[in-house]
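**Student:** Attaching a single structure in structure tokens format; questions to follow.
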Amino acid sequence: MNTFKKVLLGCAIAAPAAFIAAQANAQVSGIGFADPESVILGAKALDAANQTIATTYKAQLDQARTRQQALDTELATIWAPLDTNKDKQLSDAEVQAAQAAKSPVLARLEAAQKAGQQEVSRLRAPATLAQAYAIEQISMKYETAMKSVVASQKVSLLLSAGAVQYNTPAADLTDEIKAELDRQTPTVSVTPPANWQPSQQTGQLFQRYQQLVYYSAMQRQQGGAAAPAGAAPKNAPQGR
């Protein structure tokens, strides 16, 4: 298992507390930490890949967006009878009331949503696979960039950001590793080989990336509400 996978899966190197306490300035004394997720999902190569994907698969993404809009309208029409207070929203209380009454509307709603989402996913599949392929290629370059920064900074112990309880700014090497990754890997391919499927680690990263895209969209809709920490996706192809 390579270093990236160890860090991604949370297998951070553990150091005795007494040893860490003896190091006044973490990074300059040979200890640092980094956030691999932020490095990979914030890489310029992924930004460039997203732009290419948005252009290459524009027709499919436009179709997916149109289908999603139609689905949203269809679902709103189906659940309208359950909207007892007529606020054009379906609250948890209204859903619970419908469940208690064994309303047949719920089954129709579930079936329509499942069928619609399957269609949207099918239309988005080529772009989704290309995006996952780009992420996997970038993740494979993380270790090389990390080792380059570790060597240049004379770091002998690198921790995962999730394992750090306290740090000085100098200890955070995330930006340095990202800059090195961007320098070494400015672009990646968005054309997966035939029958290519993402690895488990890529699947986890891609799922996190999709969450960040969703939170970013919600942040814009809510006028700048705080989003979860992590990379801020740029130019991510949208199907809805």
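Please note that chains go A, B, ... in the order of the structure tokens, that every chain numbers its residues from 1, and that ligands are numbered from 1 in the order shown.
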Would you give me, as an MDAnalysis selection string, the residues in region 49-215 of chain A that DSSP reads as strand (DSSP E or B)?
**Tutor:** chainID A and resid 157:160 172
**Student:** What would the file look like if the residues just selected were written as a compact mmCIF listing (two decimals), in the first residue's frame with N, CA, C and O atoms?
**Tutor:**
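Dumped to selection-v6.txt:
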```
# COMPACT_ATOMS: atom_id res chain seq x y z
N LEU A 157 8.94 13.34 9.86
CA LEU A 157 7.67 12.74 10.28
C LEU A 157 6.53 13.59 9.74
O LEU A 157 6.42 14.77 10.06
N LEU A 158 5.69 12.99 8.90
CA LEU A 158 4.55 13.70 8.32
C LEU A 158 3.26 13.04 8.79
O LEU A 158 3.06 11.85 8.59
N LEU A 159 2.39 13.85 9.41
CA LEU A 159 1.13 13.36 9.93
C LEU A 159 -0.02 13.71 9.00
O LEU A 159 0.07 14.66 8.22
N SER A 160 -1.12 12.95 9.13
CA SER A 160 -2.34 13.31 8.44
C SER A 160 -3.00 14.45 9.18
O SER A 160 -2.99 14.50 10.41
N ASP A 172 2.06 23.10 8.68
CA ASP A 172 1.12 22.68 7.64
C ASP A 172 1.80 22.74 6.27
O ASP A 172 2.12 23.81 5.76
```
**Student:** Report as a VMD selection string all protein, DNA and RNA residues lying within 12 Å of Ser121 (chain A), evaluated on only C-alpha atoms, omitting residues in the same chain fewer than 6 positions from it.
**Tutor:** chain A and resid 60 to 61 63 to 65 67 to 68 113 to 115 127 to 129 238 to 240
**Student:** Take the residues that were just selected and, keeping all heavy atoms, output them as a CSV table (one decimal), in the first residue's frame.
**Tutor:**
```
chain,number,residue,atom,x,y,z
A,60,GLN,N,-24.4,15.5,-23.2
A,60,GLN,CA,-25.0,14.6,-22.2
A,60,GLN,C,-25.3,15.3,-20.9
A,60,GLN,O,-26.3,15.1,-20.3
A,60,GLN,CB,-24.0,13.5,-21.9
A,60,GLN,CG,-23.7,12.5,-23.1
A,60,GLN,CD,-22.5,12.9,-23.9
A,60,GLN,OE1,-22.2,14.1,-24.1
A,60,GLN,NE2,-21.8,12.0,-24.4
A,61,LEU,N,-24.5,16.3,-20.5
A,61,LEU,CA,-24.7,17.0,-19.3
A,61,LEU,C,-25.9,17.9,-19.4
A,61,LEU,O,-26.7,18.1,-18.5
A,61,LEU,CB,-23.5,17.9,-18.9
A,61,LEU,CG,-22.2,17.0,-18.5
A,61,LEU,CD1,-21.0,17.9,-18.4
A,61,LEU,CD2,-22.5,16.4,-17.1
A,63,GLN,N,-28.5,17.3,-21.3
A,63,GLN,CA,-29.6,16.4,-21.3
A,63,GLN,C,-29.9,15.9,-19.9
A,63,GLN,O,-31.1,15.9,-19.5
A,63,GLN,CB,-29.3,15.1,-22.1
A,63,GLN,CG,-29.3,15.4,-23.7
A,63,GLN,CD,-28.8,14.2,-24.4
A,63,GLN,OE1,-28.5,13.1,-23.9
A,63,GLN,NE2,-28.9,14.3,-25.8
A,64,ALA,N,-28.9,15.7,-19.1
A,64,ALA,CA,-29.1,15.3,-17.7
A,64,ALA,C,-29.7,16.4,-16.9
A,64,ALA,O,-30.6,16.2,-16.1
A,64,ALA,CB,-27.7,14.9,-17.1
A,65,ARG,N,-29.3,17.7,-17.2
A,65,ARG,CA,-29.8,18.8,-16.5
A,65,ARG,C,-31.3,19.0,-16.8
A,65,ARG,O,-32.1,19.2,-15.9
A,65,ARG,CB,-29.0,20.1,-16.9
A,65,ARG,CG,-29.4,21.3,-16.1
A,65,ARG,CD,-28.6,22.5,-16.5
A,65,ARG,NE,-27.1,22.3,-16.2
A,65,ARG,CZ,-26.2,22.1,-17.2
A,65,ARG,NH1,-26.6,22.0,-18.5
A,65,ARG,NH2,-25.0,21.9,-16.9
A,67,ARG,N,-33.3,16.7,-17.9
A,67,ARG,CA,-34.1,15.5,-17.3
A,67,ARG,C,-34.3,15.8,-15.8
A,67,ARG,O,-35.4,15.5,-15.2
A,67,ARG,CB,-33.3,14.2,-17.5
A,67,ARG,CG,-34.0,13.0,-16.9
A,67,ARG,CD,-35.3,12.8,-17.6
A,67,ARG,NE,-36.1,11.6,-17.1
A,67,ARG,CZ,-37.0,11.8,-16.1
A,67,ARG,NH1,-37.3,13.0,-15.7
A,67,ARG,NH2,-37.7,10.7,-15.7
A,68,GLN,N,-33.3,16.3,-15.1
A,68,GLN,CA,-33.4,16.6,-13.7
A,68,GLN,C,-34.4,17.6,-13.4
A,68,GLN,O,-35.2,17.5,-12.4
A,68,GLN,CB,-32.0,17.0,-13.1
A,68,GLN,CG,-32.0,17.2,-11.6
A,68,GLN,CD,-32.3,16.0,-10.8
A,68,GLN,OE1,-31.5,15.0,-10.9
A,68,GLN,NE2,-33.3,16.0,-10.0
A,113,GLN,N,-39.1,8.9,-8.5
A,113,GLN,CA,-37.7,9.4,-8.1
A,113,GLN,C,-36.7,8.4,-8.5
A,113,GLN,O,-35.6,8.8,-9.1
A,113,GLN,CB,-37.7,9.7,-6.6
A,113,GLN,CG,-36.4,10.3,-6.2
A,113,GLN,CD,-36.4,10.8,-4.8
A,113,GLN,OE1,-37.0,10.1,-3.9
A,113,GLN,NE2,-35.7,11.9,-4.5
A,114,LYS,N,-36.9,7.1,-8.3
A,114,LYS,CA,-35.9,6.1,-8.6
A,114,LYS,C,-35.7,6.0,-10.1
A,114,LYS,O,-34.5,6.0,-10.6
A,114,LYS,CB,-36.4,4.7,-8.1
A,114,LYS,CG,-35.4,3.6,-8.3
A,114,LYS,CD,-35.9,2.3,-7.7
A,114,LYS,CE,-34.9,1.2,-8.0
A,114,LYS,NZ,-35.4,-0.1,-7.4
A,115,ALA,N,-36.7,6.0,-10.9
A,115,ALA,CA,-36.6,5.9,-12.3
A,115,ALA,C,-36.0,7.2,-12.9
A,115,ALA,O,-35.1,7.1,-13.8
A,115,ALA,CB,-38.0,5.8,-12.9
A,127,ALA,N,-19.4,11.5,-18.2
A,127,ALA,CA,-18.7,12.6,-17.6
A,127,ALA,C,-18.2,12.2,-16.2
A,127,ALA,O,-17.1,12.5,-15.8
A,127,ALA,CB,-19.6,13.8,-17.5
A,128,THR,N,-19.1,11.4,-15.5
A,128,THR,CA,-18.7,11.0,-14.1
A,128,THR,C,-17.5,10.1,-14.2
A,128,THR,O,-16.6,10.2,-13.3
A,128,THR,CB,-19.9,10.2,-13.5
A,128,THR,OG1,-21.0,11.1,-13.4
A,128,THR,CG2,-19.5,9.7,-12.1
A,129,LEU,N,-17.4,9.1,-15.1
A,129,LEU,CA,-16.3,8.2,-15.2
A,129,LEU,C,-15.0,9.0,-15.6
A,129,LEU,O,-14.0,8.7,-15.0
A,129,LEU,CB,-16.6,7.2,-16.3
A,129,LEU,CG,-15.7,5.9,-16.2
A,129,LEU,CD1,-15.9,5.1,-15.0
A,129,LEU,CD2,-15.9,5.0,-17.5
A,238,GLN,N,-21.8,20.1,-14.1
A,238,GLN,CA,-23.1,19.9,-13.3
A,238,GLN,C,-24.1,19.3,-14.3
A,238,GLN,O,-24.3,19.7,-15.4
A,238,GLN,CB,-23.6,21.3,-12.8
A,238,GLN,CG,-22.7,21.9,-11.8
A,238,GLN,CD,-22.6,21.1,-10.5
A,238,GLN,OE1,-23.6,20.7,-9.9
A,238,GLN,NE2,-21.3,20.8,-10.1
A,239,GLY,N,-24.9,18.4,-13.7
A,239,GLY,CA,-25.9,17.7,-14.5
A,239,GLY,C,-27.3,18.2,-14.0
A,239,GLY,O,-28.3,17.7,-14.4
A,240,ARG,N,-27.3,19.1,-13.1
A,240,ARG,CA,-28.6,19.6,-12.6
A,240,ARG,C,-28.5,21.1,-12.2
A,240,ARG,O,-27.5,21.6,-12.2
A,240,ARG,CB,-29.1,18.8,-11.4
A,240,ARG,CG,-28.2,18.8,-10.2
A,240,ARG,CD,-28.8,18.1,-9.1
A,240,ARG,NE,-30.0,18.8,-8.7
A,240,ARG,CZ,-30.9,18.2,-7.8
A,240,ARG,NH1,-30.8,17.1,-7.3
A,240,ARG,NH2,-32.0,18.9,-7.5
```
**Student:** Could you check the closest approach to Tyr133 (chain A) for each of A:Asn50, A:Ala98, A:Ala112, A:Asn85 and tell me which residue wins, using only C-alpha atoms?
**Tutor:**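 Closest candidate: A:Asn50.
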**Student:** Grab the CA of Leu46 (chain A) to CA of Gln153 (chain A) distance for me, in Å with one decimal place.
**Tutor:**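 That distance, rounded to one decimal, is 25.8 Å.
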**Student:** Could you pull the residues within 7 Å of Lys44 (chain A), counting only C-alpha atoms, minus those fewer than 4 positions along the same chain, as a short mmCIF file (atom, residue, chain, number, x, y, z; two decimals) with N, CA and C atoms, in the first residue's frame?
**Tutor:**
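Resulting contents of around-v1.cif:
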```cif
data_model
loop_
_atom_site.label_atom_id
_atom_site.label_comp_id
_atom_site.auth_asym_id
_atom_site.auth_seq_id
_atom_site.Cartn_x
_atom_site.Cartn_y
_atom_site.Cartn_z
N ALA A 48 -8.56 21.82 -14.63
CA ALA A 48 -8.42 21.75 -16.09
C ALA A 48 -9.23 20.58 -16.66
N ASP A 182 0.92 20.53 -8.45
CA ASP A 182 0.52 21.34 -9.61
C ASP A 182 1.69 21.53 -10.58
N PRO A 186 0.48 19.28 -14.20
CA PRO A 186 -0.45 20.37 -14.53
C PRO A 186 -1.73 19.90 -15.20
#
```
**Student:** Please, which residues in region 54-162 of chain A fall within 7 Å of region 194-215 of chain A when counting only C-alpha atoms, and what is the closest atom pair and distance in Å to one decimal for each, ordered by chain then residue number, as a tab-separated table?
**Tutor:**
```
residue	atom	partner	partner_atom	distance
A:Ala132	CA	A:Phe206	CA	6.1
A:Tyr133	CA	A:Pro198	CA	6.8
A:Ile135	CA	A:Thr202	CA	6.9
A:Glu136	CA	A:Thr202	CA	5.5
```
**Student:** Would you save the residues from that selection as a PDB file, in the first residue's frame, using C-alpha atoms?
**Tutor:**
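The resulting file, result.pdb, is reproduced below:
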```pdb
ATOM      1  CA  ALA A 132     -13.185   9.815 -11.498  1.00  0.00           C
ATOM      2  CA  TYR A 133     -10.362   8.855 -13.875  1.00  0.00           C
ATOM      3  CA  ILE A 135      -9.030  12.150  -9.771  1.00  0.00           C
ATOM      4  CA  GLU A 136      -7.359   8.736  -9.714  1.00  0.00           C
TER       5      GLU A 136
END
```
